[in-house]
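Asks: This is work_8.cif, which holds mmCIF, C-alpha atoms:
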```cif
data_my_file
#
loop_
_atom_site.group_PDB
_atom_site.id
_atom_site.type_symbol
_atom_site.label_atom_id
_atom_site.label_comp_id
_atom_site.auth_asym_id
_atom_site.auth_seq_id
_atom_site.Cartn_x
_atom_site.Cartn_y
_atom_site.Cartn_z
ATOM 1 C CA MET A 1 31.233 95.086 92.521
ATOM 2 C CA LEU A 2 33.813 94.325 95.229
ATOM 3 C CA ASN A 3 31.528 95.324 98.109
ATOM 4 C CA ASN A 4 30.362 91.763 98.905
ATOM 5 C CA ILE A 5 33.555 89.802 98.321
ATOM 6 C CA GLY A 6 33.994 88.594 101.935
ATOM 7 C CA LEU A 7 36.618 86.350 103.481
ATOM 8 C CA PRO A 8 35.898 83.219 101.405
ATOM 9 C CA GLY A 9 36.150 85.259 98.203
ATOM 10 C CA LEU A 10 39.460 86.762 99.274
ATOM 11 C CA LEU A 11 40.864 83.337 100.123
ATOM 12 C CA LEU A 12 39.769 81.998 96.736
ATOM 13 C CA LEU A 13 41.363 84.986 95.030
ATOM 14 C CA VAL A 14 44.663 84.437 96.884
ATOM 15 C CA VAL A 15 44.692 80.750 95.929
ATOM 16 C CA VAL A 16 44.013 81.537 92.255
ATOM 17 C CA VAL A 17 46.777 84.161 92.146
ATOM 18 C CA LEU A 18 49.162 81.769 93.873
ATOM 19 C CA VAL A 19 48.398 79.026 91.357
ATOM 20 C CA LEU A 20 48.719 81.351 88.360
ATOM 21 C CA PHE A 21 51.951 83.091 89.315
ATOM 22 C CA GLY A 22 53.646 80.716 91.745
ATOM 23 C CA ARG A 23 55.201 81.460 95.079
ATOM 24 C CA GLY A 24 58.588 82.519 93.698
ATOM 25 C CA LYS A 25 57.187 85.090 91.277
ATOM 26 C CA ILE A 26 54.946 86.640 93.938
ATOM 27 C CA ALA A 27 57.884 86.828 96.379
ATOM 28 C CA SER A 28 60.065 88.575 93.795
ATOM 29 C CA MET A 29 57.278 91.041 92.960
ATOM 30 C CA MET A 30 56.809 91.862 96.651
ATOM 31 C CA GLY A 31 60.577 92.358 96.946
ATOM 32 C CA GLU A 32 60.446 94.868 94.095
ATOM 33 C CA VAL A 33 57.527 96.654 95.766
ATOM 34 C CA GLY A 34 59.562 96.856 98.982
ATOM 35 C CA LYS A 35 62.546 98.303 97.118
ATOM 36 C CA GLY A 36 60.274 100.865 95.488
ATOM 37 C CA ILE A 37 58.811 101.944 98.816
ATOM 38 C CA THR A 38 62.307 102.224 100.313
ATOM 39 C CA ALA A 39 63.499 104.341 97.373
ATOM 40 C CA PHE A 40 60.419 106.568 97.682
ATOM 41 C CA LYS A 41 61.022 107.120 101.405
ATOM 42 C CA ARG A 42 64.702 107.872 100.742
ATOM 43 C CA GLY A 43 63.739 110.410 98.068
ATOM 44 C CA ILE A 44 61.292 112.141 100.411
ATOM 45 C CA LYS A 45 63.929 112.262 103.165
ATOM 46 C CA ASP A 46 66.526 113.698 100.780
ATOM 47 C CA SER A 47 64.046 116.324 99.640
ATOM 48 C CA VAL A 48 63.320 117.365 103.226
ATOM 49 C CA ASP A 49 67.050 117.501 103.993
ATOM 50 C CA ASP A 50 67.630 119.728 100.950
ATOM 51 C CA ASP A 51 64.830 122.053 102.081
ATOM 52 C CA GLU A 52 66.373 122.319 105.534
ATOM 53 C CA LYS A 53 69.745 123.183 103.993
ATOM 54 C CA ASP A 54 68.116 125.868 101.861
ATOM 55 C CA ARG A 55 66.560 127.431 104.954
ATOM 56 C CA GLY A 56 70.018 127.730 106.479
ATOM 57 C CA ILE A 57 71.054 130.065 103.660
ATOM 58 C CA GLU A 58 70.409 133.708 104.400
ATOM 59 C CA GLN A 59 67.080 134.885 103.071
ATOM 60 C CA ALA A 60 67.113 137.342 100.174
ATOM 61 C CA ARG A 61 66.859 140.895 101.345
ATOM 62 C CA ASP A 62 65.046 143.708 99.632
ATOM 63 C CA VAL A 63 67.726 146.280 98.833
ATOM 64 C CA THR A 64 65.428 148.641 96.985
ATOM 65 C CA PRO A 65 65.918 152.217 98.240
ATOM 66 C CA GLU A 66 63.032 153.526 100.351
ATOM 67 C CA SER A 67 62.321 156.263 97.794
ATOM 68 C CA GLU A 68 61.835 153.632 95.039
ATOM 69 C CA LYS A 69 59.574 151.277 97.046
ATOM 70 C CA ASP A 70 56.524 153.530 96.820
ATOM 71 C CA LYS A 71 56.739 153.812 93.043
ATOM 72 C CA ALA A 72 54.817 151.073 91.306
#
```
Take the structure I supplied and represent it as structure tokens, if you would.
Replies:
Amino acid sequence: MLNNIGLPGLLLLVVVVLVLFGRGKIASMMGEVGKGITAFKRGIKDSVDDDEKDRGIEQARDVTPESEKDKA
């Protein structure tokens, strides 16, 4: 359906959206999208930082006696 839209179709679509919503509403929506992207990036960065902190903690060691390891 959208395969043959072309440049004139896109321009018409932009004009119709601009008329329906107005420049101010579109600008505020794009601002909200930008805030959402920023929050998403911050969340990803915090998650990576938490993972790096967890790696700094000593790994769990297997303290099972050698005689008990073979039993299963």
Asks: Please write out, as AutoDock Vina command-line options, where the centre of an axis-aligned box around all listed atoms of region 14-31 of chain A lies and how long its edges are, in Å to one decimal, after adding 3 Å on each side.
Replies:
```
--center_x 52.3 --center_y 85.7 --center_z 92.7 --size_x 22.6 --size_y 19.3 --size_z 14.6
```
Asks: Grab the CA of Leu13 (chain A) to CA of Ile37 (chain A) distance for me, in Å with one decimal place.
Replies: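 Going from CA of Leu13 (chain A) over to CA of Ile37 (chain A) covers 24.6 Å.
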Asks: As an exercise, work out the distance from CA of Arg42 (chain A) to CA of Met30 (chain A) in Å and give it to one decimal place.
Replies: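 CA of Arg42 (chain A) sits 18.3 Å away from CA of Met30 (chain A).
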Asks: Please rebuild region 10-41 of chain A with N, CA and C atoms and give the result as a PDB file, keeping the file's coordinate frame.
Replies:
```
ATOM      1  N   LEU A  10      38.057  86.340  99.217  1.00  0.00           N
ATOM      2  CA  LEU A  10      39.460  86.762  99.274  1.00  0.00           C
ATOM      3  C   LEU A  10      40.391  85.556  99.307  1.00  0.00           C
ATOM      4  N   LEU A  11      40.038  84.542 100.078  1.00  0.00           N
ATOM      5  CA  LEU A  11      40.864  83.337 100.123  1.00  0.00           C
ATOM      6  C   LEU A  11      40.928  82.662  98.763  1.00  0.00           C
ATOM      7  N   LEU A  12      39.796  82.582  98.071  1.00  0.00           N
ATOM      8  CA  LEU A  12      39.769  81.998  96.736  1.00  0.00           C
ATOM      9  C   LEU A  12      40.640  82.807  95.777  1.00  0.00           C
ATOM     10  N   LEU A  13      40.558  84.118  95.875  1.00  0.00           N
ATOM     11  CA  LEU A  13      41.363  84.986  95.030  1.00  0.00           C
ATOM     12  C   LEU A  13      42.853  84.779  95.284  1.00  0.00           C
ATOM     13  N   VAL A  14      43.253  84.662  96.537  1.00  0.00           N
ATOM     14  CA  VAL A  14      44.663  84.437  96.884  1.00  0.00           C
ATOM     15  C   VAL A  14      45.136  83.102  96.324  1.00  0.00           C
ATOM     16  N   VAL A  15      44.315  82.074  96.440  1.00  0.00           N
ATOM     17  CA  VAL A  15      44.692  80.750  95.929  1.00  0.00           C
ATOM     18  C   VAL A  15      44.854  80.792  94.413  1.00  0.00           C
ATOM     19  N   VAL A  16      43.937  81.452  93.716  1.00  0.00           N
ATOM     20  CA  VAL A  16      44.013  81.537  92.255  1.00  0.00           C
ATOM     21  C   VAL A  16      45.273  82.288  91.825  1.00  0.00           C
ATOM     22  N   VAL A  17      45.575  83.392  92.482  1.00  0.00           N
ATOM     23  CA  VAL A  17      46.777  84.161  92.146  1.00  0.00           C
ATOM     24  C   VAL A  17      48.023  83.329  92.423  1.00  0.00           C
ATOM     25  N   LEU A  18      48.022  82.605  93.535  1.00  0.00           N
ATOM     26  CA  LEU A  18      49.162  81.769  93.873  1.00  0.00           C
ATOM     27  C   LEU A  18      49.376  80.665  92.840  1.00  0.00           C
ATOM     28  N   VAL A  19      48.285  80.079  92.362  1.00  0.00           N
ATOM     29  CA  VAL A  19      48.398  79.026  91.357  1.00  0.00           C
ATOM     30  C   VAL A  19      48.878  79.604  90.024  1.00  0.00           C
ATOM     31  N   LEU A  20      48.358  80.764  89.647  1.00  0.00           N
ATOM     32  CA  LEU A  20      48.719  81.351  88.360  1.00  0.00           C
ATOM     33  C   LEU A  20      50.179  81.817  88.319  1.00  0.00           C
ATOM     34  N   PHE A  21      50.628  82.477  89.349  1.00  0.00           N
ATOM     35  CA  PHE A  21      51.951  83.091  89.315  1.00  0.00           C
ATOM     36  C   PHE A  21      53.023  82.270  90.020  1.00  0.00           C
ATOM     37  N   GLY A  22      52.657  81.485  90.992  1.00  0.00           N
ATOM     38  CA  GLY A  22      53.646  80.716  91.745  1.00  0.00           C
ATOM     39  C   GLY A  22      54.232  81.522  92.876  1.00  0.00           C
ATOM     40  N   ARG A  23      54.703  80.803  93.879  1.00  0.00           N
ATOM     41  CA  ARG A  23      55.201  81.460  95.079  1.00  0.00           C
ATOM     42  C   ARG A  23      56.449  82.284  94.809  1.00  0.00           C
ATOM     43  N   GLY A  24      57.336  81.807  93.973  1.00  0.00           N
ATOM     44  CA  GLY A  24      58.588  82.519  93.698  1.00  0.00           C
ATOM     45  C   GLY A  24      58.363  83.846  92.997  1.00  0.00           C
ATOM     46  N   LYS A  25      57.466  83.855  92.029  1.00  0.00           N
ATOM     47  CA  LYS A  25      57.187  85.090  91.277  1.00  0.00           C
ATOM     48  C   LYS A  25      56.541  86.133  92.176  1.00  0.00           C
ATOM     49  N   ILE A  26      55.611  85.704  93.028  1.00  0.00           N
ATOM     50  CA  ILE A  26      54.946  86.640  93.938  1.00  0.00           C
ATOM     51  C   ILE A  26      55.969  87.209  94.926  1.00  0.00           C
ATOM     52  N   ALA A  27      56.859  86.366  95.441  1.00  0.00           N
ATOM     53  CA  ALA A  27      57.884  86.828  96.379  1.00  0.00           C
ATOM     54  C   ALA A  27      58.806  87.856  95.723  1.00  0.00           C
ATOM     55  N   SER A  28      59.183  87.616  94.469  1.00  0.00           N
ATOM     56  CA  SER A  28      60.065  88.575  93.795  1.00  0.00           C
ATOM     57  C   SER A  28      59.336  89.893  93.515  1.00  0.00           C
ATOM     58  N   MET A  29      58.048  89.814  93.189  1.00  0.00           N
ATOM     59  CA  MET A  29      57.278  91.041  92.960  1.00  0.00           C
ATOM     60  C   MET A  29      57.149  91.846  94.248  1.00  0.00           C
ATOM     61  N   MET A  30      56.922  91.161  95.373  1.00  0.00           N
ATOM     62  CA  MET A  30      56.809  91.862  96.651  1.00  0.00           C
ATOM     63  C   MET A  30      58.157  92.473  97.050  1.00  0.00           C
ATOM     64  N   GLY A  31      59.257  91.788  96.695  1.00  0.00           N
ATOM     65  CA  GLY A  31      60.577  92.358  96.946  1.00  0.00           C
ATOM     66  C   GLY A  31      60.793  93.637  96.166  1.00  0.00           C
ATOM     67  N   GLU A  32      60.336  93.656  94.918  1.00  0.00           N
ATOM     68  CA  GLU A  32      60.446  94.868  94.095  1.00  0.00           C
ATOM     69  C   GLU A  32      59.583  95.994  94.655  1.00  0.00           C
ATOM     70  N   VAL A  33      58.401  95.641  95.150  1.00  0.00           N
ATOM     71  CA  VAL A  33      57.527  96.654  95.766  1.00  0.00           C
ATOM     72  C   VAL A  33      58.222  97.238  96.993  1.00  0.00           C
ATOM     73  N   GLY A  34      58.835  96.375  97.794  1.00  0.00           N
ATOM     74  CA  GLY A  34      59.562  96.856  98.982  1.00  0.00           C
ATOM     75  C   GLY A  34      60.709  97.777  98.618  1.00  0.00           C
ATOM     76  N   LYS A  35      61.450  97.439  97.566  1.00  0.00           N
ATOM     77  CA  LYS A  35      62.546  98.303  97.118  1.00  0.00           C
ATOM     78  C   LYS A  35      62.014  99.650  96.633  1.00  0.00           C
ATOM     79  N   GLY A  36      60.874  99.619  95.961  1.00  0.00           N
ATOM     80  CA  GLY A  36      60.274 100.865  95.488  1.00  0.00           C
ATOM     81  C   GLY A  36      59.838 101.760  96.630  1.00  0.00           C
ATOM     82  N   ILE A  37      59.240 101.164  97.649  1.00  0.00           N
ATOM     83  CA  ILE A  37      58.811 101.944  98.816  1.00  0.00           C
ATOM     84  C   ILE A  37      60.021 102.533  99.526  1.00  0.00           C
ATOM     85  N   THR A  38      61.080 101.741  99.668  1.00  0.00           N
ATOM     86  CA  THR A  38      62.307 102.224 100.313  1.00  0.00           C
ATOM     87  C   THR A  38      62.915 103.386  99.531  1.00  0.00           C
ATOM     88  N   ALA A  39      62.952 103.256  98.202  1.00  0.00           N
ATOM     89  CA  ALA A  39      63.499 104.341  97.373  1.00  0.00           C
ATOM     90  C   ALA A  39      62.642 105.597  97.480  1.00  0.00           C
ATOM     91  N   PHE A  40      61.320 105.421  97.541  1.00  0.00           N
ATOM     92  CA  PHE A  40      60.419 106.568  97.682  1.00  0.00           C
ATOM     93  C   PHE A  40      60.661 107.283  99.008  1.00  0.00           C
ATOM     94  N   LYS A  41      60.770 106.516 100.096  1.00  0.00           N
ATOM     95  CA  LYS A  41      61.022 107.120 101.405  1.00  0.00           C
ATOM     96  C   LYS A  41      62.364 107.847 101.422  1.00  0.00           C
TER      97      LYS A  41
END
```
